[in-house]
Structure formats: structure tokens, C-alpha cells
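Coordinates as given in query38.cif (mmCIF, C-alpha atoms):
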```
data_structure
#
loop_
_atom_site.label_atom_id
_atom_site.label_comp_id
_atom_site.auth_asym_id
_atom_site.auth_seq_id
_atom_site.Cartn_x
_atom_site.Cartn_y
_atom_site.Cartn_z
CA PHE A 24 -83.48 2.18 -13.52
CA GLN A 25 -80.36 0.26 -14.52
CA LEU A 26 -79.45 2.73 -17.26
CA ALA A 27 -80.06 5.75 -15.02
CA TYR A 28 -77.86 4.13 -12.37
CA LEU A 29 -75.18 3.41 -14.97
CA ALA A 30 -75.33 7.05 -16.14
CA ALA A 31 -75.10 8.41 -12.60
CA LYS A 32 -72.77 6.00 -10.84
CA GLY A 33 -71.15 3.60 -13.29
CA GLY A 34 -70.55 0.12 -11.95
CA VAL A 35 -72.17 -3.15 -12.89
CA THR A 36 -75.71 -4.39 -12.41
CA PHE A 37 -77.30 -7.56 -13.73
CA ALA A 38 -80.24 -7.94 -16.09
CA GLY A 39 -81.89 -11.31 -16.56
CA PRO A 40 -84.40 -13.66 -15.00
CA HIS A 41 -86.81 -12.36 -12.38
CA LEU A 42 -87.06 -13.99 -8.99
CA CYS A 43 -90.86 -13.85 -8.75
CA SER A 44 -91.66 -14.99 -12.28
CA ASP A 45 -88.79 -16.90 -13.89
CA PHE A 46 -87.32 -18.60 -10.82
CA ALA A 47 -90.74 -19.19 -9.23
CA LEU A 48 -91.94 -21.50 -12.01
CA ALA A 49 -92.68 -25.14 -11.19
CA GLU A 50 -89.93 -26.10 -13.67
CA VAL A 51 -87.14 -23.55 -13.90
CA ASP A 52 -85.27 -23.46 -17.21
CA THR A 53 -81.85 -25.13 -16.80
CA TYR A 54 -80.16 -22.84 -19.36
CA MET A 55 -81.35 -19.82 -17.40
CA VAL A 56 -80.08 -21.21 -14.09
CA GLU A 57 -76.74 -22.25 -15.57
CA HIS A 58 -76.05 -18.81 -17.02
CA PHE A 59 -77.39 -16.94 -14.00
CA TRP A 60 -74.98 -18.68 -11.64
CA GLY A 61 -72.20 -18.73 -14.22
CA ILE A 62 -72.10 -14.95 -14.64
CA LEU A 63 -72.49 -14.28 -10.92
CA ARG A 64 -69.63 -16.62 -9.99
CA ASP A 65 -67.17 -15.92 -12.81
CA PRO A 66 -66.44 -12.43 -14.19
CA ALA A 67 -64.82 -14.07 -17.24
CA TYR A 68 -67.89 -16.21 -17.94
CA THR A 69 -68.58 -17.01 -21.60
CA LEU A 70 -72.08 -17.06 -23.04
CA ARG A 71 -72.21 -18.89 -26.37
CA VAL A 72 -75.18 -18.28 -28.66
CA ASP A 73 -75.96 -19.54 -32.15
CA VAL A 74 -77.32 -16.41 -33.78
CA PRO A 75 -79.64 -16.54 -36.77
CA GLN A 76 -78.37 -13.30 -38.28
CA ALA A 77 -75.13 -11.35 -37.99
CA THR A 78 -74.25 -8.58 -40.38
CA ALA A 79 -70.56 -8.43 -39.69
CA ARG A 80 -67.34 -10.08 -40.62
CA SER A 81 -65.85 -12.43 -38.08
CA GLY A 82 -64.02 -10.61 -35.36
CA ARG A 83 -63.84 -9.72 -31.72
CA ILE A 84 -65.24 -6.53 -30.25
CA ALA A 85 -64.69 -5.36 -26.67
CA GLY A 86 -66.56 -2.61 -24.87
CA THR A 87 -68.99 -1.73 -22.12
CA LEU A 88 -72.10 -3.93 -22.29
CA TRP A 89 -75.19 -1.83 -21.83
CA GLY A 90 -78.82 -1.60 -22.87
CA GLY A 91 -82.13 -3.15 -21.99
CA ASN A 92 -85.69 -2.49 -23.08
CA LEU A 93 -85.68 -0.52 -26.35
CA ALA A 94 -88.75 1.63 -25.61
CA MET A 95 -87.35 2.58 -22.19
CA LEU A 96 -83.96 3.36 -23.71
CA CYS A 97 -85.57 5.66 -26.30
CA SER A 98 -87.56 7.41 -23.57
CA LEU A 99 -84.24 8.45 -21.98
CA LEU A 100 -82.99 10.25 -25.11
CA GLY A 101 -82.44 13.92 -24.34
CA THR A 102 -82.31 13.36 -20.57
CA THR A 103 -79.43 13.14 -18.12
CA HIS A 104 -80.49 9.57 -17.38
CA LEU A 105 -79.19 8.13 -20.66
CA PRO A 106 -75.65 6.85 -20.13
CA LYS A 107 -73.06 8.28 -22.50
CA ILE A 108 -71.27 5.11 -23.52
CA ASP A 109 -68.61 5.35 -26.22
CA GLY A 110 -67.30 2.17 -27.85
CA GLY A 111 -69.89 -0.01 -26.14
CA ILE A 112 -71.86 -3.08 -27.08
CA LEU A 113 -75.53 -2.09 -26.98
CA PHE A 114 -78.14 -4.81 -26.43
CA VAL A 115 -81.87 -4.19 -26.73
CA GLU A 116 -85.12 -6.14 -26.45
CA ASP A 117 -88.83 -5.41 -26.35
CA ILE A 118 -92.23 -7.07 -26.38
CA ASN A 119 -95.38 -6.33 -28.36
CA GLU A 120 -93.53 -3.86 -30.58
CA HIS A 121 -94.24 -4.28 -34.26
CA PRO A 122 -91.15 -4.42 -36.53
CA TYR A 123 -91.83 -0.98 -38.01
CA ARG A 124 -91.87 0.49 -34.47
CA VAL A 125 -88.64 -1.33 -33.57
CA GLU A 126 -87.13 0.10 -36.75
CA ARG A 127 -88.32 3.60 -35.85
CA MET A 128 -86.84 3.40 -32.35
CA LEU A 129 -83.50 2.06 -33.58
CA LEU A 130 -83.35 4.77 -36.26
CA GLN A 131 -84.11 7.32 -33.55
CA LEU A 132 -81.09 6.04 -31.60
CA ALA A 133 -79.03 6.26 -34.79
CA GLN A 134 -80.20 9.81 -35.56
CA ALA A 135 -79.45 10.87 -31.98
CA GLY A 136 -75.85 9.69 -32.44
CA VAL A 137 -76.09 6.85 -29.94
CA LEU A 138 -75.45 4.00 -32.39
CA GLU A 139 -72.50 5.63 -34.14
CA ARG A 140 -70.69 5.70 -30.78
CA GLN A 141 -71.17 1.92 -30.33
CA GLN A 142 -69.13 -0.97 -31.66
CA ALA A 143 -72.09 -3.33 -32.11
CA LEU A 144 -75.85 -3.59 -31.73
CA VAL A 145 -77.18 -6.88 -30.38
CA LEU A 146 -80.90 -7.64 -30.56
CA GLY A 147 -82.53 -9.84 -27.96
CA ASP A 148 -86.10 -11.12 -27.96
CA PHE A 149 -88.70 -9.13 -29.88
CA SER A 150 -91.86 -11.16 -29.54
CA GLY A 151 -95.54 -10.68 -28.92
CA TYR A 152 -96.29 -8.62 -32.01
CA ARG A 153 -98.69 -9.64 -34.76
CA THR A 154 -98.32 -8.72 -38.43
CA THR A 155 -101.30 -8.03 -40.68
CA PRO A 156 -101.87 -8.14 -44.46
CA TYR A 157 -101.12 -4.40 -44.53
CA ASP A 158 -97.52 -5.16 -43.55
CA ALA A 159 -96.85 -6.65 -47.02
CA GLY A 160 -94.32 -9.13 -45.60
CA TYR A 161 -92.41 -6.54 -43.60
CA ASP A 162 -91.57 -8.68 -40.61
CA PHE A 163 -88.64 -8.76 -38.20
CA GLU A 164 -86.06 -10.30 -40.57
CA PRO A 165 -86.60 -7.80 -43.43
CA MET A 166 -86.50 -4.99 -40.87
CA CYS A 167 -83.14 -6.25 -39.57
CA ALA A 168 -81.78 -6.49 -43.11
CA TYR A 169 -82.87 -2.91 -43.82
CA LEU A 170 -81.28 -1.61 -40.61
CA ALA A 171 -78.07 -3.53 -41.24
CA SER A 172 -77.79 -1.82 -44.63
CA ARG A 173 -78.05 1.61 -42.95
CA LEU A 174 -75.88 1.09 -39.88
CA SER A 175 -72.11 1.37 -39.82
CA ILE A 176 -71.81 -1.10 -36.93
CA PRO A 177 -72.46 -4.86 -36.79
CA LEU A 178 -76.05 -5.92 -36.10
CA VAL A 179 -76.41 -9.28 -34.38
CA THR A 180 -79.74 -10.95 -33.59
CA GLY A 181 -80.74 -13.90 -31.43
CA LEU A 182 -79.51 -12.93 -27.96
CA PRO A 183 -81.60 -14.96 -25.48
CA PHE A 184 -82.67 -11.96 -23.47
CA GLY A 185 -85.92 -10.12 -22.88
CA HIS A 186 -89.48 -11.27 -22.35
CA CYS A 187 -88.76 -14.86 -23.34
CA PRO A 188 -88.93 -18.06 -21.27
CA THR A 189 -85.22 -18.84 -21.66
CA LYS A 190 -82.98 -15.87 -20.95
CA ALA A 191 -79.38 -15.18 -20.13
CA THR A 192 -78.15 -12.94 -17.34
CA LEU A 193 -76.17 -9.96 -18.61
CA PRO A 194 -73.69 -7.80 -16.65
CA VAL A 195 -74.87 -4.28 -17.54
CA GLY A 196 -71.94 -1.86 -17.34
CA ALA A 197 -69.25 -4.54 -17.43
CA LEU A 198 -66.49 -4.79 -19.99
CA ALA A 199 -67.60 -7.52 -22.39
CA GLU A 200 -66.30 -9.15 -25.55
CA LEU A 201 -68.44 -10.04 -28.54
CA ASP A 202 -66.80 -12.65 -30.72
CA ILE A 203 -68.54 -12.99 -34.08
CA ASP A 204 -67.51 -16.17 -35.85
#
```

As C-alpha cells, what does this structure read like?
Amino acid sequence: FQLAYLAAKGGVTFAGPHLCSDFALAEVDTYMVEHFWGILRDPAYTLRVDVPQATARSGRIAGTLWGGNLAMLCSLLGTTHLPKIDGGILFVEDINEHPYRVERMLLQLAQAGVLERQQALVLGDFSGYRTTPYDAGYDFEPMCAYLASRLSIPLVTGLPFGHCPTKATLPVGALAELDID
């Protein structure tokens, strides 16, 4: 819905914790609350994250922040509901998607020309999958390394966003800066 709205109307919406699940817990995560109120109160709010993997030189990138669930994003390819964002910062997350399927979806975005129009790709939480002996060690980190070698844009992992207990609130459609250092 957020991406279709962004494609049709522009503007800013927020993606993050859910009222009925995240904020209804007996103990609400303090990080989540801090960043939720921080981004709602201050348009220049800074979210600092120690990322485990960044395949880019240090630098600052500015562009429209957009994205969301990877499978939903891929389902919008070829429709009028996929926003046409040039020079953006694309963030994605998913749950229960095996690394080879995440790779396939990200390569689909690349082959459709979506990634080449972006300045960076930021990966959020990709949990809930289970590898098997048939995977021969092909887990999330090797998949990210492979993708980074094929993409012409920086790939950053570790964004606290998605189906995880501690998540940030992101202003979808807002001008954002990504400072890799």
C-alpha cells in the first residue's frame, strides 16, 4: 500500500512498529520507542546503526528513501503501482525467504532496471529461514557478497527494520541521507 501510494501521490508515510503487535507488548522495546518518536518529532532525525556489512567506500548519499517488503516490491514490477524513483535509497526486508530466493528477487529488481536507478541498497531483517545441507554453506552473508560483486551501487546490511523485535521507524518517500563511514 505504501509503495502504491508513493507511486500515485508522492508524499511521506512511515513504516515501522505496529500498534497492535509491537506497541502492545508487555515490555515495549526502548530503542523502538525512541526512534518512533524521534522521527515523528524531528524531520532531521538521525538514526545511527552499526552495520555488519557495507560494500562501499565511505561517503554520503542523499535521495528519496523508499522500499519495504521485498516480495511485495517484486510483485509490483510491471505495474503502475511501482514507484519510479531515480537516485533513491532503496531499503528492503522479508521473512521466511531463503537466501537464494532473496538473491533471485534482488536480481529481478536489477534486471528490471530498478537497482541501477538507485544510489544504494539497504537490507533490513531477513530472518525466519532455515538452511539445509543442500545449501552447501550458501547462507545470507555469501549471498550478500555475491550480490555486492554484481551490483554497481553500495549494498549495506543490518538496518533494524522488518519482522524483528527491535525496529526503526522509516519515513518512506522522504529525502534521506545515508552516511557510510

Quiz item: Nearest to Ala191 in chain A: which of A:Val72, A:Ile176, A:Ala67, A:Ala159 is it, counting all atoms listed in the file?
Solution: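 Nearest to Ala191 in chain A: A:Val72.
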
Self-check item: Residues within 9 Å of (-77.1, -12.1, -22.8), counting only C-alpha atoms, listed as an MDAnalysis selection string
Solution: chainID A and resid 38:39 58 70 72 114 147 182:184 190:194

Exercise. For the file shown, report as an MDAnalysis selection string the outcome of the PyMOL selection byres ((chain A and resi 79-89) around 6) at residue level.
Key: chainID A and resid 77:78 90 110:113 177 195:204

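Separating CA of Tyr68 in chain A from CA of Gly185 in chain A is a distance of 19.7 Å.
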
Quiz item: At what distance in Å, to one decimal, does CA of Arg173 in chain A lie from CA of Leu93 in chain A?
Solution: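 The value is 18.4 Å.
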
Quiz prompt | Picked residues, the PyMOL selection byres ((chain A and resi 129-133) around 10), expected as a PyMOL selection string | solution = chain A and resi 93-94+96-97+100+115+123-128+134-140+144+170+173-175

Just say which residues the PyMOL selection byres ((chain A and resi 148-152) around 8) picks in this file, as an mmCIF file with C-alpha atoms, in the coordinates of the input.
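Once everything was written out, this is result.cif:
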```cif
data_model
loop_
_atom_site.group_PDB
_atom_site.id
_atom_site.type_symbol
_atom_site.label_atom_id
_atom_site.label_comp_id
_atom_site.auth_asym_id
_atom_site.auth_seq_id
_atom_site.Cartn_x
_atom_site.Cartn_y
_atom_site.Cartn_z
ATOM 1 C CA GLU A 116 -85.120 -6.140 -26.450
ATOM 2 C CA ASP A 117 -88.830 -5.410 -26.350
ATOM 3 C CA ILE A 118 -92.230 -7.070 -26.380
ATOM 4 C CA ASN A 119 -95.380 -6.330 -28.360
ATOM 5 C CA GLU A 120 -93.530 -3.860 -30.580
ATOM 6 C CA HIS A 121 -94.240 -4.280 -34.260
ATOM 7 C CA LEU A 146 -80.900 -7.640 -30.560
ATOM 8 C CA GLY A 147 -82.530 -9.840 -27.960
ATOM 9 C CA ARG A 153 -98.690 -9.640 -34.760
ATOM 10 C CA THR A 154 -98.320 -8.720 -38.430
ATOM 11 C CA GLY A 181 -80.740 -13.900 -31.430
ATOM 12 C CA LEU A 182 -79.510 -12.930 -27.960
ATOM 13 C CA PRO A 183 -81.600 -14.960 -25.480
ATOM 14 C CA PHE A 184 -82.670 -11.960 -23.470
ATOM 15 C CA GLY A 185 -85.920 -10.120 -22.880
ATOM 16 C CA HIS A 186 -89.480 -11.270 -22.350
ATOM 17 C CA CYS A 187 -88.760 -14.860 -23.340
#
```

Quiz item: From the list A:Leu178, A:Asp158, A:Pro106, A:Glu164, which residue is nearest Leu29 in chain A when using all atoms listed in the file?
Solution: A:Pro106

Quiz item: So, counting all atoms listed in the file, which residue among A:Met55, A:Ile62, A:Leu26, A:Gly160 is closest to Lys107 in chain A?
Solution: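 The answer is A:Leu26, which sits nearest to Lys107 in chain A.
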
Practice problem: Kindly give the distance, in Å, that separates CA of Thr103 in chain A and CA of Ala27 in chain A, rounded to a single decimal. | Solution: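 Atom-to-atom, CA of Thr103 in chain A and CA of Ala27 in chain A are spaced 8.0 Å apart.
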
Quiz item: Pick the closest to Phe59 in chain A from A:Pro156, A:Arg71, A:Phe37, A:Ala47: which is it, counting all atoms listed in the file?
Solution: A:Phe37
